[in-house]
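Take a look at the structure set out below.
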Amino acid sequence: MAESTIWWLLAGGLIALELLTDTFYLLMLSLGVVGAAIAAHLGASVTLQLVVAALLGGGGVVAWRSVKKHQPPALPAGANRDVNLDIGETLHIDAWNEDGTSSAHYRGANWTVSLRTGAASSPGLHRIVEVVGSRLVVEKV
């Protein structure tokens, strides 16, 4: 069996394993293995193939880790607009209770509404910033 065939089979195995485990790092390693397969096709020695695999795969892992480290942390599901489409919608609050809660009619149902920490309670238009169970957390618009 040709060296390049072994590299291609290893790349396919890493990609299949990535699909099962859902870790993006295995895709970076498979890129290194693909680079080694291409080096084998070009007639490189086994040592050079291993170096190519290590540099491309390891470099991809380091680069991806650096990208992930510099991204802001994901919002919790209750405050993430990508997960909960109510985030960012507005509703009208007529009056607030003394405990900082209110009741509002939103999307055909009555919801318990509370203020975001540090916000002043005043009637009017409010924006939903988080959904916690069956309670809407809002801030004044």
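For the structure tokens, the naming scheme is as follows: chains receive sequential letters (A, B, ...) according to their order of presentation, residues are indexed from 1 within each chain, and ligands are indexed from 1 in presentation order.
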
Closest contacts (segment 37-115 of chain A/segment 7-19 of chain A, max 10 Å, only C-alpha atoms) as CSV:
residue,atom,partner,partner_atom,distance
A:Ala37,CA,A:Trp7,CA,5.0
A:Ile38,CA,A:Trp7,CA,8.8
A:Ala39,CA,A:Trp7,CA,9.8
A:Ala40,CA,A:Trp7,CA,8.3
A:Gln49,CA,A:Trp7,CA,9.3
A:Ala53,CA,A:Trp7,CA,9.5

Restricting the output to all heavy atoms, write the selected residues as a tab-separated table (two decimals), in the first residue's frame.
chain	number	residue	atom	x	y	z
A	37	ALA	N	-0.27	13.56	3.28
A	37	ALA	CA	-0.65	12.76	2.11
A	37	ALA	C	-0.21	13.45	0.82
A	37	ALA	O	0.30	12.81	-0.10
A	37	ALA	CB	-2.16	12.53	2.10
A	38	ILE	N	-0.39	14.76	0.77
A	38	ILE	CA	0.04	15.50	-0.41
A	38	ILE	C	1.56	15.46	-0.54
A	38	ILE	O	2.10	15.30	-1.64
A	38	ILE	CB	-0.50	16.95	-0.36
A	38	ILE	CG1	-2.03	16.94	-0.50
A	38	ILE	CG2	0.14	17.83	-1.43
A	38	ILE	CD1	-2.70	18.26	-0.25
A	39	ALA	N	2.26	15.57	0.60
A	39	ALA	CA	3.72	15.47	0.58
A	39	ALA	C	4.15	14.09	0.08
A	39	ALA	O	5.12	13.96	-0.68
A	39	ALA	CB	4.29	15.74	1.97
A	40	ALA	N	3.42	13.05	0.46
A	40	ALA	CA	3.73	11.70	-0.01
A	40	ALA	C	3.51	11.59	-1.52
A	40	ALA	O	4.30	10.96	-2.22
A	40	ALA	CB	2.88	10.67	0.73
A	49	GLN	N	7.20	13.86	5.62
A	49	GLN	CA	5.75	13.70	5.73
A	49	GLN	C	5.30	13.87	7.18
A	49	GLN	O	4.30	14.54	7.46
A	49	GLN	CB	5.32	12.32	5.23
A	49	GLN	CG	5.53	12.11	3.74
A	49	GLN	CD	5.31	10.67	3.33
A	49	GLN	OE1	4.55	9.95	3.96
A	49	GLN	NE2	5.99	10.25	2.27
A	53	ALA	N	2.88	16.79	8.69
A	53	ALA	CA	1.69	16.47	9.48
A	53	ALA	C	1.72	17.16	10.84
A	53	ALA	O	0.72	17.72	11.28
A	53	ALA	CB	1.55	14.96	9.65

Name the residues in contact with segment 74-87 of chain A at a cut-off of 8 Å, using only C-alpha atoms, excluding same-chain residues fewer than 3 positions from it; report them as a PyMOL selection string.
chain A and resi 127-132

Keeping only all heavy atoms, write the selected residues to a file as a compact mmCIF listing (two decimals), in the first residue's frame.
# COMPACT_ATOMS: atom_id res chain seq x y z
N ARG A 127 -37.51 46.33 27.16
CA ARG A 127 -36.94 45.33 26.25
C ARG A 127 -36.58 44.08 27.06
O ARG A 127 -36.01 44.17 28.14
CB ARG A 127 -35.69 45.88 25.59
CG ARG A 127 -34.98 44.86 24.68
CD ARG A 127 -33.79 45.44 23.94
NE ARG A 127 -34.22 46.50 23.04
CZ ARG A 127 -33.93 47.79 23.19
NH1 ARG A 127 -33.22 48.20 24.21
NH2 ARG A 127 -34.37 48.68 22.34
N ILE A 128 -36.91 42.92 26.51
CA ILE A 128 -36.59 41.65 27.16
C ILE A 128 -35.09 41.38 26.97
O ILE A 128 -34.59 41.39 25.85
CB ILE A 128 -37.42 40.50 26.57
CG1 ILE A 128 -38.91 40.77 26.74
CG2 ILE A 128 -37.02 39.16 27.19
CD1 ILE A 128 -39.80 39.82 25.99
N VAL A 129 -34.38 41.14 28.08
CA VAL A 129 -32.95 40.85 28.02
C VAL A 129 -32.63 39.40 28.39
O VAL A 129 -31.54 38.92 28.08
CB VAL A 129 -32.13 41.82 28.91
CG1 VAL A 129 -32.22 43.24 28.38
CG2 VAL A 129 -32.58 41.74 30.35
N GLU A 130 -33.57 38.72 29.05
CA GLU A 130 -33.33 37.34 29.45
C GLU A 130 -34.66 36.67 29.78
O GLU A 130 -35.61 37.33 30.20
CB GLU A 130 -32.41 37.30 30.68
CG GLU A 130 -31.96 35.93 31.07
CD GLU A 130 -30.94 35.95 32.20
OE1 GLU A 130 -30.61 37.03 32.73
OE2 GLU A 130 -30.48 34.87 32.56
N VAL A 131 -34.72 35.38 29.56
CA VAL A 131 -35.87 34.58 29.96
C VAL A 131 -35.38 33.54 30.95
O VAL A 131 -34.50 32.75 30.64
CB VAL A 131 -36.54 33.89 28.74
CG1 VAL A 131 -37.72 33.05 29.19
CG2 VAL A 131 -36.97 34.93 27.72
N VAL A 132 -35.94 33.58 32.16
CA VAL A 132 -35.56 32.65 33.21
C VAL A 132 -36.80 31.85 33.57
O VAL A 132 -37.68 32.36 34.26
CB VAL A 132 -34.99 33.38 34.45
CG1 VAL A 132 -34.63 32.38 35.54
CG2 VAL A 132 -33.83 34.25 34.08

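With distances restricted to only C-alpha atoms, A:Thr5 is the closest residue to Ala36 of chain A from A:Thr117, A:Thr112, A:Ser103, A:Thr5.
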
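Atom CA of Gly100 of chain A to atom CA of Ala120 of chain A spans 9.0 Å [interatomic distance, one decimal].
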
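Closest to Val138 of chain A among A:Leu91, A:Ala109, A:Leu31, A:Ala44 is A:Leu91, based on only C-alpha atoms.
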
Would you list the contacts of segment 56-62 of chain A as a compact mmCIF listing (two decimals) with N, CA, C and O atoms, in the first residue's frame, taking every protein, DNA or RNA residue within 6 Å and counting only C-alpha atoms, but skipping same-chain residues closer than 4 positions in sequence?
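Heads up, here's the output in part.txt:
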# COMPACT_ATOMS: atom_id res chain seq x y z
N TYR A 25 -10.95 20.22 16.96
CA TYR A 25 -9.50 20.01 16.95
C TYR A 25 -9.11 18.83 16.07
O TYR A 25 -8.04 18.84 15.46
N MET A 28 -8.51 19.92 12.61
CA MET A 28 -7.20 20.55 12.43
C MET A 28 -6.11 19.48 12.27
O MET A 28 -5.23 19.61 11.42
N LEU A 29 -6.19 18.42 13.07
CA LEU A 29 -5.22 17.34 12.94
C LEU A 29 -5.37 16.64 11.59
O LEU A 29 -4.38 16.25 10.98
N LEU A 31 -6.23 18.03 8.85
CA LEU A 31 -5.59 18.89 7.85
C LEU A 31 -4.09 18.61 7.78
O LEU A 31 -3.50 18.61 6.70
N GLY A 32 -3.49 18.38 8.93
CA GLY A 32 -2.08 18.02 8.94
C GLY A 32 -1.83 16.70 8.24
O GLY A 32 -0.87 16.54 7.48
N VAL A 52 5.55 17.54 8.12
CA VAL A 52 4.43 18.29 7.54
C VAL A 52 3.16 18.06 8.35
O VAL A 52 2.43 18.99 8.68

In segment 6-109 of chain A, DSSP alpha helix (DSSP H) residues written as a PyMOL selection string
chain A and resi 6-21+24-41+46-69

If you run DSSP over the backbone, which residues in chain A end up strand (DSSP E)? Put them as a PyMOL selection string.
chain A and resi 90-93+101-106+109-115+124-132+135-140

Counting only C-alpha atoms, closest pick from A:Gly124, A:Gly108, A:Gly35, A:Pro73 relative to Val51 of chain A is A:Gly35

From the list A:Thr47, A:Gln71, A:Ser114, A:Thr23, the nearest residue to Arg135 of chain A using only C-alpha atoms is A:Ser114

Do you have the atom CA of His41 of chain A-atom CA of Leu20 of chain A distance handy?
28.8 Å

For a test of reading the model, state the distance in Å between atom CA of Gly118 of chain A and atom CA of Pro72 of chain A, rounded to one decimal.
23.1 Å
